[in-house]
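To keep things clear, I will list the structure first and then write my remarks on it.
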Amino acid sequence: MDKNPPGALPDNEVRQRLTLIEQLTGIGYWEVDLTDRALRWSSATYIVFGVDPEVFRPSLDGFDRLIHPDDLETVHAAIHGSRKTGMPYQIEHRIVLPDATVRHVLEHGRHEFDEGGRPIRFRGTVQDISAVNDIRERLIRAEREATLSRVLVEVAHDFNNLLSVVSGNLDILKLRYGSTPDASRLIERAHLSVENGAALAERLLAFFNRQLRSPIDIDLVSTIREFLPTLSRVVGTQVEIEFRPELDQAVGRLDKVRLETAVLNAALNARDAMPDGGQIVLSLSDVGRAGHSNPMMRLAISDTGTGIHSEILGRVFDPFVTTKSTRGGTGLGLAIIRDFAEDSGGSVTIQSEQGVGTVLSLFLPRRETGASTDRQSVPLSIPYGSGQAILLVEDNDKVRSFLEEGLSQLGLKVTAFPLPTEALEHLQGSTEDVAAILSDVRLPGPMDGLEFVRAVRRTRPNLPALFISGYVGSEMNDLSFTGIDTRIIRKPFRIVDLLSTLNELTRQGPVGTKEDHSIR
């Protein structure tokens with residue numbers, strides 16, 4: 001008598017179709033006979049666990065040895081819970097293959113009972129979900145990093161406001177008492193700390209690629225030399241770092257923060273490839289055009305590490321590709337380096353030999369003439385205004401206070417408001433000839449600085465505007481304004497830089513100047 005119900009497939013055809021399903025889905029089947037504790041696996045289960053069916057004999061003890069030790073207790077608890085309640089279970093856990101590879105699997109199981117309620121059989125499925133789990137972890141990590149980035153942006157905004165207050169009041173002290181040598185020296189020392197604090201905030205934000213991109217002419221020789229102490233502290237004492245420039249000066253128009261971030265990412269990758277210590281060498285050379293339309297310089301970062309396997313070397317610049325699977329790499333460091341090089345008009349290459357080391361080369365445009373215009377090293381005169389009327393909108397009381405006092409002392413007439421709505425009301429009821437608007441970008445309430453300037457320009461379309469902001473974000477790259485009558489200056493800033501920009505905007509020029517190179 002046919003044991004299959006009417007319309008059912010024969011057993012051999014069922015087995016063939018189950019085999020096809022296993023091949024298509026990779027889901028393995030297993031079964032435990034609890035009377036003799038015999039464990040049987042389907043062919044796909046052998047593949048999931050990475051064992052040879054000709055050699056490996058499934059057993060409950062053998063199964064336990066394949067489970068990751070940290071997950072064994074959890075797996076046993078799920079099995080015993082299912083046996084106790086009679087309910088199916090589902091659990092994700094890790095397994096360790098014979099070659100030490102760790103995989104993530106999804107396991108389903110269910111007990112079968114005899115008429116007396118005794119468990120007699122235990123059946124289930126297992127599926128390798130390592131790829132899915134990897135994507136899920138990346139999404140979680142990306143969400144975590146996006147959240148951290150938003151927090152950092154907000155903290156940087158407040159931090160830059162604090163630094164602006166310090167820097168601005170130092171400038172006022174400099175203007176009043178800077179002629180005293182001791183006072184000048186102490187004030188400049190404090191200014192240097194402000195600049196270092198601002199650079200630290202920028203480096204943190206640059207890691208998440210959220211900084212305002214602001215390329216300037218910088219000398220790579222001096223920039224890298226100044227960055228070496230920070231680099232050494234981050235990389236650690238086990239790794240020796242050397243800088244071997246072949247050039248006395250190498251000027252390029254680059255974003256300084258992104259350059260430092262690229263060098264830092266490369267150095268961290270090199271350090272991780274040398275777990276027992278080693279050497280990192282930074283070299284800088286002139287390479288002519290090197291296949292580019294412009295003269296190029298080569299910044300190379302080499303290490304004495306383990307090297308990169310040839311199978312992955314061609315993909316290392318792709319996002320989320322990492323050689324640090326056991327050390328928690330994000331796979332973003334080299335992608336950030338590549339983006340910086342290409343955005344700068346250059347390129348990046350990598351050479352590596354296992355057991356010998358790796359050389360990462362950044363090819364960056366080199367300016368043939370001119371010196372660095374890094375403002376920190378260029379002393380300037382103090383500009384003076386000519387009584388221009390400036391409308392200031394700044395919600396931070398301390399920032400607003402030092403701007404009023406400092407700009408007034410430098411020859412401007414400043415009318416200040418904490419909110420844009422108050423400033424608009426003032427303008428509507430005033431016939432004063434305002435020379436320019438000075439406004440923070442981020443303001444409380446329904447109107448920010450951008451919307452405020454738009455509203456003003458409906459009635460005063462030619463009124464210049466200078467935005468100040470401690471905020472660092474992608475939207476700051478596009479102010480939605482064009483032309484020479486709109487500028488932005490980042491906090492913290494020197495008040496003399498602010499006044500110089502206002503003079504340019506109002507087309508007054510520095511009507512008067514006071515020579516005092518030590519202001520910088």
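By convention here, the chains of the structure tokens are called A, B, ... in the order presented, each chain's residues are numbered starting at 1, and ligands are numbered starting at 1 in the order presented.
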inquiry  = I need the strand (DSSP E) residues of stretch 197-351 of chain A per DSSP on the backbone, written as a ChimeraX atom specification.
reply    = /A:216-219,239-245,251-254,278-286,296-303,347-351
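Ranking A:Ile216, A:Val221, A:Ala77, A:Val166 by their shortest atom-to-atom distance to A:Glu188, with only C-alpha atoms included, puts A:Val166 first.
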task = Please identify which residues in stretch 31-112 of chain A DSSP calls alpha helix (DSSP H) from the backbone, and express them as a ChimeraX atom specification.
result = /A:43-49,60-66,72-85
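Minimum atom-to-atom distance to A:Trp30, evaluated using only C-alpha atoms, belongs to A:Val48 out of A:Val165, A:Leu186, A:Val48, A:Ile495.
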task = Considering only C-alpha atoms, return as a PyMOL selection string whatever protein or nucleic-acid residues lie within 10 Å of A:Leu450, sequence-local ones (same chain, fewer than 2 positions apart) excluded.
result = chain A and resi 439-443+447-448+452-455+465+467+479-481
ask   = Contacts of A:Gly50 at 10 Å or less, counting only C-alpha atoms, minus same-chain residues fewer than 4 places along, as a VMD selection string?
value = chain A and resid 44 to 46 56 66 95 to 99 101 103
